[in-house]
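Printed here is data-v8.cif (mmCIF, C-alpha atoms):
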data_entry
loop_
_atom_site.group_PDB
_atom_site.id
_atom_site.type_symbol
_atom_site.label_atom_id
_atom_site.label_comp_id
_atom_site.auth_asym_id
_atom_site.auth_seq_id
_atom_site.Cartn_x
_atom_site.Cartn_y
_atom_site.Cartn_z
ATOM 1 C CA MET A 20 35.589 44.752 71.820
ATOM 2 C CA THR A 21 38.306 47.264 71.092
ATOM 3 C CA VAL A 22 37.057 48.145 67.605
ATOM 4 C CA PHE A 23 33.377 48.410 68.532
ATOM 5 C CA SER A 24 34.062 50.679 71.493
ATOM 6 C CA ILE A 25 35.728 53.366 69.337
ATOM 7 C CA PRO A 26 32.560 54.890 67.719
ATOM 8 C CA PRO A 27 30.939 55.923 71.038
ATOM 9 C CA LEU A 28 34.240 57.478 72.111
ATOM 10 C CA VAL A 29 34.516 59.451 68.865
ATOM 11 C CA PHE A 30 30.837 60.435 68.945
ATOM 12 C CA LYS A 31 31.076 61.769 72.520
ATOM 13 C CA ASN A 32 34.526 63.297 71.841
ATOM 14 C CA ILE A 33 36.193 61.441 74.704
ATOM 15 C CA GLY A 34 39.862 60.493 74.572
ATOM 16 C CA LEU A 35 40.592 56.812 73.976
ATOM 17 C CA LEU A 36 42.565 56.544 77.217
ATOM 18 C CA GLY A 37 39.963 58.389 79.302
ATOM 19 C CA PRO A 38 40.353 61.518 81.400
ATOM 20 C CA PRO A 39 43.954 62.263 82.450
ATOM 21 C CA LEU A 40 43.183 61.972 86.180
ATOM 22 C CA THR A 41 41.825 58.423 85.885
ATOM 23 C CA ARG A 42 44.263 56.913 83.384
ATOM 24 C CA LYS A 43 46.276 55.043 86.010
ATOM 25 C CA ILE A 44 43.166 53.399 87.427
ATOM 26 C CA ILE A 45 41.931 52.569 83.920
ATOM 27 C CA LEU A 46 45.291 51.005 83.056
ATOM 28 C CA LEU A 47 45.325 49.024 86.307
ATOM 29 C CA ARG A 48 41.803 47.743 85.585
ATOM 30 C CA SER A 49 42.832 46.856 82.056
ATOM 31 C CA VAL A 50 45.805 44.824 83.272
ATOM 32 C CA LEU A 51 43.963 43.070 86.093
ATOM 33 C CA TYR A 52 40.984 41.866 84.076
ATOM 34 C CA PRO A 53 42.953 39.688 81.605
ATOM 35 C CA LEU A 54 44.985 38.448 84.564
ATOM 36 C CA VAL A 55 41.800 37.339 86.331
ATOM 37 C CA VAL A 56 40.601 35.559 83.191
ATOM 38 C CA TYR A 57 43.949 33.771 82.799
ATOM 39 C CA LEU A 58 43.991 32.716 86.458
ATOM 40 C CA ARG A 59 40.427 31.376 86.239
ATOM 41 C CA TYR A 60 41.115 29.316 83.135
ATOM 42 C CA SER A 61 44.332 28.018 84.665
ATOM 43 C CA ALA A 62 42.391 26.926 87.732
ATOM 44 C CA LEU A 63 39.839 25.170 85.528
ATOM 45 C CA HIS A 64 42.670 23.345 83.769
ATOM 46 C CA TYR A 65 44.169 21.936 86.971
ATOM 47 C CA ILE A 66 41.134 21.235 89.176
ATOM 48 C CA PRO A 67 37.563 20.097 88.506
ATOM 49 C CA VAL A 68 35.027 22.693 87.409
ATOM 50 C CA ALA A 69 32.842 22.237 90.508
ATOM 51 C CA GLU A 70 35.728 22.879 92.850
ATOM 52 C CA ALA A 71 37.057 25.840 90.884
ATOM 53 C CA SER A 72 33.591 27.385 90.615
ATOM 54 C CA VAL A 73 33.032 27.347 94.363
ATOM 55 C CA ILE A 74 36.355 29.045 94.994
ATOM 56 C CA ILE A 75 36.098 31.538 92.132
ATOM 57 C CA PHE A 76 32.518 32.587 92.797
ATOM 58 C CA SER A 77 33.182 33.259 96.465
ATOM 59 C CA TYR A 78 34.679 36.601 95.486
ATOM 60 C CA PRO A 79 31.694 38.685 96.731
ATOM 61 C CA ILE A 80 32.833 37.892 100.264
ATOM 62 C CA LEU A 81 36.290 39.254 99.524
ATOM 63 C CA VAL A 82 34.723 42.275 97.846
ATOM 64 C CA SER A 83 32.922 43.034 101.119
ATOM 65 C CA VAL A 84 36.098 42.603 103.164
ATOM 66 C CA ILE A 85 38.210 44.746 100.825
ATOM 67 C CA ALA A 86 35.456 47.393 100.705
ATOM 68 C CA ARG A 87 35.428 47.447 104.505
ATOM 69 C CA VAL A 88 39.200 47.755 104.804
ATOM 70 C CA VAL A 89 39.904 50.111 101.901
ATOM 71 C CA LEU A 90 36.676 52.067 101.413
ATOM 72 C CA LYS A 91 35.516 51.985 105.068
ATOM 73 C CA GLU A 92 32.091 50.621 104.097
ATOM 74 C CA PRO A 93 30.012 49.014 106.846
ATOM 75 C CA ILE A 94 29.591 45.243 107.075
ATOM 76 C CA GLY A 95 26.275 43.986 108.381
ATOM 77 C CA LEU A 96 25.180 40.752 110.011
ATOM 78 C CA LEU A 97 24.086 39.287 106.671
ATOM 79 C CA GLN A 98 27.568 39.776 105.181
ATOM 80 C CA ILE A 99 29.181 38.169 108.234
ATOM 81 C CA ILE A 100 26.893 35.111 108.106
ATOM 82 C CA SER A 101 27.322 34.681 104.354
ATOM 83 C CA ALA A 102 31.100 35.071 104.723
ATOM 84 C CA MET A 103 31.260 32.327 107.344
ATOM 85 C CA LEU A 104 29.096 29.983 105.271
ATOM 86 C CA THR A 105 31.211 30.665 102.187
ATOM 87 C CA VAL A 106 34.461 29.998 104.034
ATOM 88 C CA VAL A 107 33.072 26.707 105.378
ATOM 89 C CA GLY A 108 31.862 25.736 101.894
ATOM 90 C CA VAL A 109 35.191 26.553 100.267
ATOM 91 C CA ALA A 110 37.043 24.611 102.964
ATOM 92 C CA LEU A 111 34.806 21.572 102.429
ATOM 93 C CA VAL A 112 35.063 21.645 98.646
ATOM 94 C CA SER A 113 38.770 22.410 98.251
ATOM 95 C CA ARG A 114 40.067 19.706 100.579
ATOM 96 C CA PHE A 115 42.889 17.375 99.532
ATOM 97 C CA PRO A 116 41.843 13.852 100.564
ATOM 98 C CA LEU A 117 43.755 10.919 99.138
ATOM 99 C CA GLU A 118 40.644 8.960 98.228
ATOM 100 C CA ILE A 119 39.499 11.648 95.806
ATOM 101 C CA GLN A 120 42.872 11.724 94.090
ATOM 102 C CA GLN A 121 42.702 8.008 93.434
ATOM 103 C CA THR A 122 39.460 8.130 91.478
ATOM 104 C CA LYS A 123 39.582 7.862 87.698
ATOM 105 C CA GLU A 124 38.987 11.580 87.252
ATOM 106 C CA PHE A 125 42.218 12.516 89.027
ATOM 107 C CA ASN A 126 44.586 9.803 87.778
ATOM 108 C CA ASN A 127 46.434 12.204 85.504
ATOM 109 C CA LYS A 128 46.571 15.045 88.080
ATOM 110 C CA THR A 129 49.255 15.136 90.739
ATOM 111 C CA LEU A 130 48.994 16.765 94.138
ATOM 112 C CA SER A 131 51.206 19.618 92.923
ATOM 113 C CA ASP A 132 48.859 20.187 89.939
ATOM 114 C CA ARG A 133 45.904 20.262 92.293
ATOM 115 C CA THR A 134 47.655 22.640 94.684
ATOM 116 C CA PHE A 135 48.588 24.879 91.757
ATOM 117 C CA GLY A 136 44.976 24.858 90.519
ATOM 118 C CA VAL A 137 43.553 25.760 93.921
ATOM 119 C CA SER A 138 46.109 28.537 94.339
ATOM 120 C CA MET A 139 45.200 29.889 90.878
ATOM 121 C CA ALA A 140 41.509 29.847 91.832
ATOM 122 C CA PHE A 141 42.188 31.710 95.080
ATOM 123 C CA ALA A 142 44.454 34.196 93.286
ATOM 124 C CA SER A 143 41.745 34.896 90.706
ATOM 125 C CA THR A 144 39.254 35.413 93.512
ATOM 126 C CA ILE A 145 41.492 37.887 95.324
ATOM 127 C CA VAL A 146 42.436 39.818 92.180
ATOM 128 C CA GLY A 147 38.796 39.754 91.012
ATOM 129 C CA ALA A 148 37.628 41.217 94.333
ATOM 130 C CA PHE A 149 40.254 43.938 94.103
ATOM 131 C CA LEU A 150 39.201 44.617 90.521
ATOM 132 C CA HIS A 151 35.545 44.889 91.524
ATOM 133 C CA ASN A 152 36.439 47.496 94.135
ATOM 134 C CA LEU A 153 38.387 49.414 91.498
ATOM 135 C CA TYR A 154 35.228 49.510 89.379
ATOM 136 C CA THR A 155 33.426 51.358 92.147
ATOM 137 C CA GLN A 156 36.142 54.020 92.460
ATOM 138 C CA VAL A 157 35.698 55.694 89.080
ATOM 139 C CA THR A 158 32.608 55.951 86.927
ATOM 140 C CA LEU A 159 33.383 56.245 83.250
ATOM 141 C CA LEU A 160 31.713 55.705 79.926
ATOM 142 C CA PHE A 161 31.638 51.967 79.225
ATOM 143 C CA SER A 162 33.487 52.470 75.938
ATOM 144 C CA VAL A 163 36.581 53.824 77.685
ATOM 145 C CA ILE A 164 36.761 50.726 79.876
ATOM 146 C CA LEU A 165 36.066 48.349 76.979
ATOM 147 C CA PHE A 166 38.581 49.983 74.652
ATOM 148 C CA ASN A 167 41.386 49.959 77.191
ATOM 149 C CA SER A 168 40.575 46.464 78.433
ATOM 150 C CA GLY A 169 40.611 45.302 74.831
ATOM 151 C CA TRP A 170 43.981 46.624 73.716
ATOM 152 C CA VAL A 171 45.704 45.713 76.985
ATOM 153 C CA GLY A 172 44.061 42.276 76.859
ATOM 154 C CA ILE A 173 45.371 41.699 73.339
ATOM 155 C CA ILE A 174 48.918 42.536 74.413
ATOM 156 C CA MET A 175 48.718 40.416 77.572
ATOM 157 C CA SER A 176 47.210 37.499 75.660
ATOM 158 C CA LEU A 177 50.067 37.580 73.167
ATOM 159 C CA ILE A 178 52.593 37.614 76.005
ATOM 160 C CA ILE A 179 50.881 34.664 77.716
ATOM 161 C CA ILE A 180 50.642 32.717 74.454
ATOM 162 C CA VAL A 181 54.339 33.184 73.730
ATOM 163 C CA SER A 182 55.362 32.259 77.288
ATOM 164 C CA VAL A 183 53.088 29.190 77.508
ATOM 165 C CA ARG A 184 53.816 27.988 73.968
ATOM 166 C CA ASP A 185 57.162 26.458 74.931
ATOM 167 C CA SER A 186 55.652 24.454 77.770
ATOM 168 C CA PHE A 187 52.869 23.287 75.442
ATOM 169 C CA GLN A 188 55.423 22.167 72.855
ATOM 170 C CA SER A 189 57.236 20.055 75.452
ATOM 171 C CA TYR A 190 53.876 18.632 76.600
ATOM 172 C CA ARG A 191 53.069 17.611 73.020
ATOM 173 C CA VAL A 192 56.437 15.874 72.613
ATOM 174 C CA GLU A 193 56.172 14.059 75.966
ATOM 175 C CA ASN A 194 52.663 12.798 75.262
ATOM 176 C CA HIS A 195 53.232 12.086 71.548
ATOM 177 C CA LEU A 196 50.589 14.548 70.366
ATOM 178 C CA CYS A 197 52.661 15.723 67.371
#

Translate this file's structure into structure tokens.
Amino acid sequence: MTVFSIPPLVFKNIGLLGPPLTRKIILLRSVLYPLVVYLRYSALHYIPVAEASVIIFSYPILVSVIARVVLKEPIGLLQIISAMLTVVGVALVSRFPLEIQQTKEFNNKTLSDRTFGVSMAFASTIVGAFLHNLYTQVTLLFSVILFNSGWVGIIMSLIIIVSVRDSFQSYRVENHLC
């Protein structure tokens, strides 16, 4: 992504980091996007895909709320009805009943793992909604966004890999996966 976004930037004679006035927003976008991806995959690791998907893909409701609060955009009746239905759906899907935890699918997951997974899904939804509203603030050439998201994503991925590697090594030793 980073390499293939350079030719359009060179061809249009645009700086790799974008215009000076929007560099902070571009950098914030570039940091938040890999964070959202990491939070979503963490949620998928700790809770079932169906449950994580319902929570993660409810972010359009939060986009509307954040747009109303921050950007002063109007919210209509359709947004209010869809927000209420989404909240009810998320509440029904992300419940913590004991009978679900005792099925074969959840034998290896503890309540703390499940709570962590749900919190990761909600965090990715909130950060994703904030990120979406940042996309509407500045219009740039797609290559500027892709280039900066790419190099920041590479750095953040390396940091996450190094920080998670130690916990993975202990997991391998505990479960005899060596």

* **Residue neighbourhood A:Asp132, 8 Å, only C-alpha atoms, exclusion window fewer than 3 positions, as a PyMOL selection string** => chain A and resi 65-66+128-129+135-136

* **Within 9 Å of stretch 76-85 of chain A using all atoms listed in the file, minus same-chain residues under 2 positions, as a count of residues only** => 29

* For the structure provided, state which residues fall under the PyMOL selection byres ((chain A and resi 25) around 10), and present them as a PyMOL selection string. => chain A and resi 20-24+26-30+33-35+162-163+165-166

* Rank nothing, just name the residue among A:Asn32, A:Ser49, A:Val56, A:Ser61 nearest to A:Val183, using all atoms listed in the file. =>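 Using all atoms listed in the file, A:Val183 sits closest to A:Ser61.
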
* To do: Given the file shown, determine the residues that the PyMOL selection byres ((chain A and resi 38-42) around 12) selects; report them as a ChimeraX atom specification.
  => /A:28,32-37,43-49,153-154,156-160,163-164,167

Selection above as a file: C-alpha atoms, as a PDB file, keeping the file's coordinate frame:
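Written output follows (selection13.pdb):
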ATOM      1  CA  LEU A  28      34.240  57.478  72.111  1.00  0.00           C
ATOM      2  CA  ASN A  32      34.526  63.297  71.841  1.00  0.00           C
ATOM      3  CA  ILE A  33      36.193  61.441  74.704  1.00  0.00           C
ATOM      4  CA  GLY A  34      39.862  60.493  74.572  1.00  0.00           C
ATOM      5  CA  LEU A  35      40.592  56.812  73.976  1.00  0.00           C
ATOM      6  CA  LEU A  36      42.565  56.544  77.217  1.00  0.00           C
ATOM      7  CA  GLY A  37      39.963  58.389  79.302  1.00  0.00           C
ATOM      8  CA  LYS A  43      46.276  55.043  86.010  1.00  0.00           C
ATOM      9  CA  ILE A  44      43.166  53.399  87.427  1.00  0.00           C
ATOM     10  CA  ILE A  45      41.931  52.569  83.920  1.00  0.00           C
ATOM     11  CA  LEU A  46      45.291  51.005  83.056  1.00  0.00           C
ATOM     12  CA  LEU A  47      45.325  49.024  86.307  1.00  0.00           C
ATOM     13  CA  ARG A  48      41.803  47.743  85.585  1.00  0.00           C
ATOM     14  CA  SER A  49      42.832  46.856  82.056  1.00  0.00           C
ATOM     15  CA  LEU A 153      38.387  49.414  91.498  1.00  0.00           C
ATOM     16  CA  TYR A 154      35.228  49.510  89.379  1.00  0.00           C
ATOM     17  CA  GLN A 156      36.142  54.020  92.460  1.00  0.00           C
ATOM     18  CA  VAL A 157      35.698  55.694  89.080  1.00  0.00           C
ATOM     19  CA  THR A 158      32.608  55.951  86.927  1.00  0.00           C
ATOM     20  CA  LEU A 159      33.383  56.245  83.250  1.00  0.00           C
ATOM     21  CA  LEU A 160      31.713  55.705  79.926  1.00  0.00           C
ATOM     22  CA  VAL A 163      36.581  53.824  77.685  1.00  0.00           C
ATOM     23  CA  ILE A 164      36.761  50.726  79.876  1.00  0.00           C
ATOM     24  CA  ASN A 167      41.386  49.959  77.191  1.00  0.00           C
TER      25      ASN A 167
END

* **Atomic separation - atom CA of A:Ser138 relative to atom CA of A:Gly172, Å** =>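 We find that atom CA of A:Gly172 and atom CA of A:Ser138 lie 22.3 Å from each other.
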
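Rounded to one decimal, atom CA of A:Leu51 and atom CA of A:Arg184 lie 21.7 Å from each other.
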
* Separation of atom CA of A:Ser168 and atom CA of A:Leu58, in Å? -> 16.3 Å

* Apply the PyMOL selection byres ((chain A and resi 174-182) around 10) to the displayed file and report the matching residues as a list in words. =>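 Output from the PyMOL selection byres ((chain A and resi 174-182) around 10), applied to this file: Ser49, Val50, Pro53, Leu54, Tyr57, Gly169, Trp170, Val171, Gly172, Ile173, Val183, Arg184, Asp185, Ser186 and Phe187 of chain A.
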